[in-house]
Protein chains: 4
Amino acid sequence: MVKKLTDQEMDVILEAGIDEFALNGPDKASMHTIAAKAGVSVGVLYNYFKNKDDFFEACLRRCLKVLDSVISEVLAGEDKILVRAEKLIRALQKHAKEQSSYNVLYHEITSGSCHKYAPVLAKEIESISSQAYSTFIRHAQEDGDIRTDADPRLFAFFFDSLLMMLQFSYSCEYYRERFKIYCGYDVFEDDEKVVSELLKFLESAFSFEQNQIKHRAQQPQVNTGGE
Amino acid sequence: MVKKLTDQEMDVILEAGIDEFALNGPDKASMHTIAAKAGVSVGVLYNYFKNKDDFFEACLRRCLKVLDSVISEVLAGEDKILVRAEKLIRALQKHAKEQSSYNVLYHEITSGSCHKYAPVLAKEIESISSQAYSTFIRHAQEDGDIRTDADPRLFAFFFDSLLMMLQFSYSCEYYRERFKIYCGYDVFEDDEKVVSELLKFLESAFSFEQNQIKHRAQQPQVNTGGE
Amino acid sequence: MVKKLTDQEMDVILEAGIDEFALNGPDKASMHTIAAKAGVSVGVLYNYFKNKDDFFEACLRRCLKVLDSVISEVLAGEDKILVRAEKLIRALQKHAKEQSSYNVLYHEITSGSCHKYAPVLAKEIESISSQAYSTFIRHAQEDGDIRTDADPRLFAFFFDSLLMMLQFSYSCEYYRERFKIYCGYDVFEDDEKVVSELLKFLESAFSFEQNQIKHRAQQPQVNTGGE
Amino acid sequence: MVKKLTDQEMDVILEAGIDEFALNGPDKASMHTIAAKAGVSVGVLYNYFKNKDDFFEACLRRCLKVLDSVISEVLAGEDKILVRAEKLIRALQKHAKEQSSYNVLYHEITSGSCHKYAPVLAKEIESISSQAYSTFIRHAQEDGDIRTDADPRLFAFFFDSLLMMLQFSYSCEYYRERFKIYCGYDVFEDDEKVVSELLKFLESAFSFEQNQIKHRAQQPQVNTGGE
DNA sequence: GATGAATGAGCGTTCATTCAT
DNA sequence: AATGAATGAACGCTCATTCAT
């Protein structure tokens, strides 16, 4: 596997792959079509990639790198947890609109037909965000910003789950329909509402429970009992 | 299309289909393999189903019927919202363990390769739960059990999103890995922890915000439904 | 191969076969369709016929028997050769219109795909007419009705060739088109013209050549010089 | 559809197709068998032809082009009608012997199983000869070479019918058997006899009827001579 | 004897992969 | 190194034939 193609040419090829894989799925996608889209011969694909699977993986990695950079950028700052959440949501909205194929491909690897890659890719993809989320949740707990009785890792998991589903709602046909059925309007129609409601949901989920508040406030006299 | 196969034999065929479709995805799954798994000849498949697509749809519907009954059973009762949530979580845990293929197939249709069915299936599948969830959230609001400043439909959407992701974590390889990465242990290892943490997350998300509480506390006599 | 079906029932089956074989050709014709058309189960076909080929042969024989009877009837009389020719032409016209499937099937066996049957069927089918035609040509020669310098067998062959092509023009799509192209109108449009022109052609073909006439008439005084 | 195969290699493929289609008919003929006969893989067939039908058509056209050139060559000259007839007969004899498959395929399209092509092909194939024959018959009439009371188009039709049947007798199994039955010997055995008898038949069929002769003789002053 | 569901060989066709140019 | 025509395994699907009922 020698390298003669410029990075630019390789970009064209990978983009063509991402496009075709997102459009038709990894199985129905055709190497000929991809080559044609990229303006190269099939031979080139096989000079640079062992086979279709290998090429698919390369396309995948490219998507993930981009997705990763989107998240990393947001997490770089030193914001409070809810600001972070808002930034993440807005970043995913933007990215999902501009490059939905990347998200479609991301979703593709979660499907059973990719069980070959599942473990290895999961590790590569999810490690960064999982660590980041757990960490900033723990920090927020330490800073007294959010409830302290939560398992940071599981809460990070829930947090990411909500973001993923939102992401898919913006880029995958099925999830977009699902959103419409649940909410009555297209997810693209009212970005702000999505942002505000999700933040409301998260803020509350992360906030001190009333009995915790009691504790904290050291005001045992006020009975704020849940029901 | 005549019926000679007993229901039992047809079950075997559909299960073989579900298994194979879950394992390889709708495209790579082979009708020959399915027939072999079911212990019948390919011809039988084509005596009872128009073509591969038609058969896939039949497998799908079987899965969805089961999933639906799982949810419907839980929703039949008159429980409070968090009891319902707990029952749902436990039901999905149980079902996901016993019949993971069903969930895998459900996940399959969310992938791009099924975009043929996406809109129609989404409607069929998600309508029931979306309506049920929205409705019991609204009722809970009216009963003063949960916050009143939430959009019931979006909150239903978030609620379902969390359940779906959990479901997939129990049944789809990728999501299971993801859970492990986020939480540090296999999702099957500690069902109770999952239940309790998710309930904690949900309870809090649904509960009155502190400022709402304050508000409420100042006007205990006022019925705070709807704001 | 036992016989339980009444002749009538068998007739229905054979007619269904003839219809389907004529419509789709022996290869594309389906045993199931034939059974359905005949209102019986496929099993019946295989109780009475070894296989598709065997059944096709039976259909064929039925057609040929009918075609044969049409010709035999005409040849039964003691007419002069041209009267016979006219009667034959008219009989074929009538038959071709009424039961074109029979002719289509007859044509089918002349095609290469039936080379299995060719020799045996040719003998069965063509023997009768060939002998009949040769014989009445020879008799006509002996009676001084037609030229004596013709080989009766070859002339019988030419005679039959013209009739066959006419027959096919009435019943086979391709030949019907061909007729239209040659003559400018549909063969069904002007039966009389066809009859009269073919008779003109035949009469002349069979008639004494001019030099024969000279010879026979021994009337050298008449100037018959062609050129 | 690019061209990498040399004309020679393509010839081999088409010949293999013609051979197989002639042997088994368009339906039973197998693309795999054809590929094997041609010494190429099935894939090649599908690189150069859309599908089986398309390939069959290509084989057909090849046959027709050759047949056409055989006839065109003969008709190019300025011969008298009977000389033309003789040349045609001899050309068809020669061609039928050398490339019988071509004729078999020609015959194939006349059969019902090709009714898809029938009208379009009929036009393509028969137009040329039909016009040529009609025209030279009309010219022969104007030149006083043949009878003037004949419809040139119908007579052209009869003329072609006789040639076609002869052609098929040389190349199609069934018709060859039929010839044997009618004439008592194989058509290949005595080409000369076939030529002379058919010419005798045609000459006479085209010649002035006796009553026309009489007529003509009574009006010697009228210049009816061609030359 | 009649049935028609089950069978499975074999079809037309596709497309990932190879390799001579 | 790039090409893209050739390859052929493997697919979805059909249908003549069988045989348990």
# chains A, B, ... in the order shown; residues from 1 in each chain; ligands from 1

call {"tool": "residues_around", "arguments": {"residues": "Leu163 (chain B)", "least_positions_apart": "4", "cutoff": "12 Å", "atoms": "only C-alpha atoms (C1' of nucleotides)", "output": "ChimeraX atom specification"}}
result
/A:158,161-162,165 /B:71,85-93,96,129,133,156-159,167-170,194-195,198-199,202

call {"tool": "write_last_selection", "arguments": {"atoms": "C-alpha atoms", "output": "mmCIF file, in the first residue's frame"}}
result
data_model
loop_
_atom_site.group_PDB
_atom_site.id
_atom_site.type_symbol
_atom_site.label_atom_id
_atom_site.label_comp_id
_atom_site.auth_asym_id
_atom_site.auth_seq_id
_atom_site.Cartn_x
_atom_site.Cartn_y
_atom_site.Cartn_z
ATOM 1 C CA PHE A 158 -27.878 9.237 29.666
ATOM 2 C CA SER A 161 -27.923 9.079 24.725
ATOM 3 C CA LEU A 162 -30.069 12.162 24.519
ATOM 4 C CA MET A 165 -30.889 10.591 19.497
ATOM 5 C CA ILE B 71 -45.076 -1.827 26.058
ATOM 6 C CA ALA B 85 -41.167 4.191 33.917
ATOM 7 C CA GLU B 86 -39.795 1.553 36.220
ATOM 8 C CA LYS B 87 -42.092 -1.087 34.836
ATOM 9 C CA LEU B 88 -41.119 -0.114 31.301
ATOM 10 C CA ILE B 89 -37.443 -0.278 32.040
ATOM 11 C CA ARG B 90 -37.746 -3.688 33.644
ATOM 12 C CA ALA B 91 -39.929 -4.983 30.828
ATOM 13 C CA LEU B 92 -37.446 -3.818 28.215
ATOM 14 C CA GLN B 93 -34.578 -5.338 30.170
ATOM 15 C CA ALA B 96 -34.027 -7.443 25.423
ATOM 16 C CA SER B 129 -45.779 4.887 22.371
ATOM 17 C CA TYR B 133 -46.078 8.851 26.648
ATOM 18 C CA ALA B 156 -42.032 12.214 25.820
ATOM 19 C CA PHE B 157 -39.469 12.249 23.055
ATOM 20 C CA PHE B 158 -36.606 12.525 25.542
ATOM 21 C CA PHE B 159 -38.143 9.850 27.701
ATOM 22 C CA GLN B 167 -32.973 -1.143 24.889
ATOM 23 C CA PHE B 168 -30.297 -1.092 22.228
ATOM 24 C CA SER B 169 -27.625 -1.318 24.880
ATOM 25 C CA TYR B 170 -29.105 -4.623 25.907
ATOM 26 C CA VAL B 194 -29.375 0.739 35.663
ATOM 27 C CA VAL B 195 -32.945 0.851 36.871
ATOM 28 C CA LEU B 198 -32.258 5.944 35.177
ATOM 29 C CA LEU B 199 -35.211 6.435 37.492
ATOM 30 C CA LEU B 202 -35.964 10.734 35.046
#

call {"tool": "interface_residues", "arguments": {"of": "chain B", "to": "chain A", "cutoff": "6 Å", "atoms": "only C-alpha atoms", "output": "ChimeraX atom specification"}}
result
/B:24-25,110,113,118,122,130,153-154,157,174,177-178,182-183,201,204-205

call {"tool": "interface_residues", "arguments": {"of": "chain A", "to": "chain F", "cutoff": "9 Å", "atoms": "only C-alpha atoms (C1' of nucleotides)", "output": "PyMOL selection string"}}
result
chain A and resi 4+40-44+47

call {"tool": "closest_atom_pairs", "arguments": {"of": "chain D", "to": "chain E", "cutoff": "9 Å", "atoms": "only C-alpha atoms (C1' of nucleotides)", "output": "CSV"}}
result
residue,atom,partner,partner_atom,distance
D:Ser30,CA,E:DC11,C1',7.7
D:Met31,CA,E:DG12,C1',7.6
D:Gly43,CA,E:DT14,C1',8.8
D:Tyr46,CA,E:DT13,C1',8.2
D:Asn51,CA,E:DT13,C1',8.1
D:Lys52,CA,E:DG12,C1',7.6

call {"tool": "select_by_dssp", "arguments": {"residues": "chain C", "states": "alpha helix (DSSP H)", "output": "number ranges by chain"}}
result
C: 7-28, 31-38, 42-48, 52-76, 81-98, 100-109, 118-142, 152-171, 173-183, 191-206, 210-217

call {"tool": "atom_distance", "arguments": {"atom1": "CA of Leu14 (chain B)", "atom2": "CA of Ala38 (chain B)"}}
result
8.2 Å

call {"tool": "closest_residue", "arguments": {"among": "A:Gln141, A:Ile34, A:Thr6, A:Ala132", "to": "Val74 (chain A)", "atoms": "only C-alpha atoms"}}
result
A:Ala132

call {"tool": "atom_distance", "arguments": {"atom1": "CA of Ser72 (chain A)", "atom2": "CA of Thr135 (chain A)"}}
result
13.5 Å

call {"tool": "atom_distance", "arguments": {"atom1": "CA of Asp186 (chain A)", "atom2": "CA of Tyr102 (chain A)"}}
result
20.3 Å

call {"tool": "residues_around", "arguments": {"residues": "Met10 (chain D)", "least_positions_apart": "5", "cutoff": "12 Å", "atoms": "only C-alpha atoms (C1' of nucleotides)", "output": "list in words"}}
result
Lys3, Lys4, Leu5, Glu15, Ala16, Gly17, Ala35, Ala38, Gly39, Val40, Val44, Leu45, Asn47, Tyr48, Phe49, Phe55, Ala58, Cys59 and Arg62 of chain D
